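The block underneath contains the structure these notes are about, expressed in structure tokens.
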Amino acid sequence: MSDGNEKTAPKEEGEADTETLAKPALNWKVVLFNDEEHTYDYVVEMLTSVCKLSRENAFRCAVEVDMTGRTIVFYGTRNDCEAVCAKVLSFGPDHRLPQSMASMNAETQSL
Amino acid sequence: MLSDDYEKMMLIYLSGLADGPGFRKSEDLNRLTCRELLLLSQKVDDSALGLFVQLLKGSESGERLFEKLMGDHEEENRELVDAFFSRYLKIVLSSVQEGENFNPLDVYLPVHTFDDLAFVQSRQAFFLRQTIATINEFLDGVFRRKHDFGPGEQQRAWEYFWEKVMEK
């Protein structure tokens, strides 16, 4: 038990201040889900714009979401992932397809 | 998803390309190692590569087959993986395949549909989603004269287009 009068021991020289050095954990991800209302072009355009992926990596994500139903498009902190996810959800419909009425669906998930 | 006919056709085609026993169902492709699958993909003609991917997608092991297309993330397969995706990208993406000339309105609102007013009207939201450059280009082609609607004038362009269609 502490009586509240304890003094904090002075830090040794070179001792790390763990509180100030702690980095936010990159333990969240954004998962993109497949649908039939968006083209490969849209996915590549959206991921290069929103997630800053290269065209080649965005294309691989497009193939993965098409083949498996989902793909992870971003890793980061919870705040960063939620921001990216919001951009995906508000990117708008695919102008190439008349049946496309909305953005693709995505979700922020913990690792 | 491929129709049964296309699936059978692709399986016969792939059996002819592969060494060893042929493929009777899409699931049989999963017996190939990632390297064998990637080497097989190299033999597939450009015109059939999309069907090849759709065949893999339709298989019960679709997720596993995608991992194989990714070379199971092994460095030794990287060259084959890069070659596959680079070729597939060129085939699939319209901006590469068709240059900058791809105009969605030409494809989904062709001139021969203009007699069907209900159909044309059903495309209004689609029309309004296009960039003004795409719309001007479409109108130029349809009405054989230059159009120069400015940014943000999609609605005005649609009203002009609709009026012209009604006049026909």
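Each chain of the structure tokens is named A, B, ... in the order shown, its residues numbered from 1; ligands are numbered from 1 in display order.
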
Give me, as a tab-separated table, each residue of chain B that comes within 6 Å of chain A, together with its shortest interatomic pair and the distance in Å at one decimal, counting only C-alpha atoms, with rows ordered by chain and rising residue number.
```
residue	atom	partner	partner_atom	distance
B:Lys57	CA	A:Met67	CA	4.7
B:Glu63	CA	A:Thr68	CA	5.1
B:Leu93	CA	A:Asp41	CA	5.6
B:Pro104	CA	A:Arg96	CA	5.2
B:Phe126	CA	A:Pro98	CA	5.3
B:Arg129	CA	A:His95	CA	5.8
```

Neighbours of segment 132-142 of chain B within 8 Å (only C-alpha atoms; same-chain residues fewer than 3 positions away dropped), as a count of residues only? 17

Considering only C-alpha atoms, state which residue in the set B:Glu76, B:Glu163, B:Glu7, B:Asp116 is at the smallest distance from Gly58 of chain B.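 Ranking B:Glu76, B:Glu163, B:Glu7, B:Asp116 by distance to Gly58 of chain B, first place goes to B:Glu7.
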
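Contact shell of Gly76 of chain A at 8 Å (only C-alpha atoms; same-chain neighbours under 2 positions omitted): Ala25, Leu26, Asn27, Trp28, Lys29, Phe74, Arg78, Asn79, Asp80 and Cys81 of chain A.
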
List every residue of segment 28-81 of chain A that DSSP, applied to the backbone of this structure, assigns to alpha helix (DSSP H), and report them as a PyMOL selection string. chain A and resi 40-50+55-68+78-81

Suppose you want the space between atom CA of Ser59 of chain B and atom CA of Leu37 of chain B; what is it in Å?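 Computed distance, atom CA of Ser59 of chain B to atom CA of Leu37 of chain B, equals 13.9 Å.
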
Give me every strand (DSSP E) residue in segment 19-109 of chain A, going by DSSP on the backbone, as a ChimeraX atom specification. /A:28-33,70-76,106-109

Quick one: everything within 8 Å of Thr71 of chain A, counting only C-alpha atoms, minus sequence neighbours fewer than 4 positions away in the same chain. Send it as a ChimeraX atom specification. /A:31-33,61-62,64-65

Spatial neighbours of segment 86-89 of chain A, 7 Å, only C-alpha atoms, chain gap at least 4 places, as a list of chain:residue names: A:Val50, A:Glu82, A:Ser103, A:Met104, A:Asn105, A:Ala106

Mind writing the picked residues with N, CA and C atoms as a tab-separated table (two decimals), in the first residue's frame?
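What follows is the written file part23.tsv:
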```
chain	number	residue	atom	x	y	z
A	50	VAL	N	-7.34	6.08	-51.79
A	50	VAL	CA	-7.65	6.07	-50.36
A	50	VAL	C	-6.53	5.45	-49.52
A	82	GLU	N	-10.11	3.57	-38.92
A	82	GLU	CA	-11.48	4.08	-39.01
A	82	GLU	C	-11.56	5.21	-40.04
A	103	SER	N	-20.89	2.93	-52.55
A	103	SER	CA	-19.49	2.55	-52.38
A	103	SER	C	-19.39	1.07	-52.04
A	104	MET	N	-18.17	0.54	-52.04
A	104	MET	CA	-17.96	-0.84	-51.58
A	104	MET	C	-18.10	-0.89	-50.06
A	105	ASN	N	-18.31	-2.09	-49.57
A	105	ASN	CA	-18.45	-2.25	-48.12
A	105	ASN	C	-17.09	-2.59	-47.51
A	106	ALA	N	-16.82	-2.01	-46.36
A	106	ALA	CA	-15.56	-2.29	-45.66
A	106	ALA	C	-15.81	-2.22	-44.17
```

Distance of atom CA of Ala83 of chain A from atom CA of Glu37 of chain A, expressed in Å to one decimal place: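 Atom CA of Ala83 of chain A lies 23.1 Å from atom CA of Glu37 of chain A.
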